[in-house]
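Trainee: First the structure, which I've put down as structure tokens, then a few questions once you've had a look.
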Amino acid sequence: MELSLVELRRLAGERLWFPFTYDEAGRGFNRQWWYNDPVRVGSTSVFLRALENDDEVARVELDQKVKIDHYAEVPSLGSNALAIQFIEVHNNHRLRGIGRGVIDLLRNRYPDRRLVAFSEGADGFWSSLGWRRHLHKDPETAWRARPLFIQSST
């Protein structure tokens with residue numbers, strides 16, 4: 001499996017931007033995550049396509065400025081944290097190790113950053129990578145906050 005990451009970029013002057021389109025290729029992805037909200041000017045998000053032989057097999061949204069201090073027992077990461085807001089493997093390509101491969105590519109692409117991820121029902125995946133789970137500090141709102149997973153420091 002030969003994976004590569006391609007960063008999607010906003011066109012100059014484009015105020016509202018939809019990095020992904022709901023076309024035939026996009027139908028194997030979660031519509032709510034990728035198609036509902038435009039990305040506004042000034043956003044710190046980075047959008048990536050994971051390709052295998054020019055076929056889109058996964059998508060990633062990263063946030064370069066993330067606050068995680070409202071989670072319990074988190075290490076001090078400061079501006080070193082890079083958040084994976086969403087990562088999704090296309091329906092037709094799941095259970096082939098692509099998610100793990102994308103994480104390896106992200107580690108290589110951002111060697112000076114500590115990856116953190118907000119889990120959307122994928123706690124088992126993040127745990128299988130050896131990442132540590134953190135819950136929201138406030139028990140009143142913890143039930144609606146996505147668990148945070150932090151990449152091991154080694």
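Identifiers in this document derive from the order of the structure tokens: chains are assigned A, B, ..., residues are numbered from 1 separately in each chain, and ligands are numbered from 1 in order of occurrence.
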Within 9 Å of stretch 32-42 of chain A, counting only C-alpha atoms, which residues show up once you throw out same-chain ones fewer than 2 positions away? Write them as a list in words, please.

Mentor: Glu14, Arg15, Leu16, Trp17, Phe18, Pro19, Phe20, Thr21, Tyr22, Gly26, Phe29, Asn30, Thr44, Ser45, Arg59 and Phe86 of chain A

Trainee: Let's see if you can do this: from backbone DSSP, list all strand (DSSP E) residues in chain A, as a PyMOL selection string.

Mentor: chain A and resi 3-8+16-17+39-40+45-52+55-63+81-89+114-118+132-134+148-150

Trainee: Mind writing the picked residues with C-alpha atoms as a compact mmCIF listing (two decimals), in the first residue's frame?

Mentor:
# COMPACT_ATOMS: atom_id res chain seq x y z
CA LEU A 3 -0.21 6.22 0.47
CA SER A 4 0.39 9.92 -0.07
CA LEU A 5 -1.14 13.07 1.39
CA VAL A 6 -2.27 16.02 -0.72
CA GLU A 7 -3.08 19.32 0.97
CA LEU A 8 -6.12 21.13 -0.38
CA LEU A 16 -16.07 30.83 1.66
CA TRP A 17 -14.49 27.55 0.70
CA VAL A 39 -14.33 27.09 5.70
CA ARG A 40 -14.05 30.80 6.41
CA SER A 45 -7.73 24.20 9.56
CA VAL A 46 -5.71 22.17 7.09
CA PHE A 47 -7.50 19.68 4.82
CA LEU A 48 -5.76 16.66 3.34
CA ARG A 49 -6.69 13.88 0.96
CA ALA A 50 -4.99 10.52 1.37
CA LEU A 51 -4.40 8.90 -2.00
CA GLU A 52 -3.55 5.36 -2.96
CA ASP A 55 -7.64 7.05 -5.64
CA GLU A 56 -8.91 9.05 -2.65
CA VAL A 57 -9.03 6.61 0.26
CA ALA A 58 -9.19 8.94 3.28
CA ARG A 59 -9.68 12.54 4.39
CA VAL A 60 -8.23 14.52 7.27
CA GLU A 61 -9.03 17.85 8.87
CA LEU A 62 -6.29 19.24 11.09
CA ASP A 63 -6.45 22.28 13.34
CA ALA A 81 -0.23 20.38 19.61
CA LEU A 82 -1.72 19.62 16.20
CA ALA A 83 -5.32 18.42 16.38
CA ILE A 84 -6.89 15.84 14.14
CA GLN A 85 -10.46 17.12 14.12
CA PHE A 86 -11.63 14.42 11.75
CA ILE A 87 -10.04 11.52 9.94
CA GLU A 88 -12.13 9.19 7.83
CA VAL A 89 -11.34 6.27 5.59
CA ARG A 114 2.43 16.37 18.98
CA LEU A 115 -0.71 14.93 17.42
CA VAL A 116 -3.95 14.95 19.36
CA ALA A 117 -7.28 13.64 18.13
CA PHE A 118 -10.91 14.20 18.99
CA ARG A 132 -3.91 8.14 25.86
CA ARG A 133 -7.59 9.00 26.37
CA HIS A 134 -8.65 12.17 28.20
CA LEU A 148 -9.43 13.54 23.40
CA PHE A 149 -6.56 11.18 22.54
CA ILE A 150 -2.95 12.30 22.69
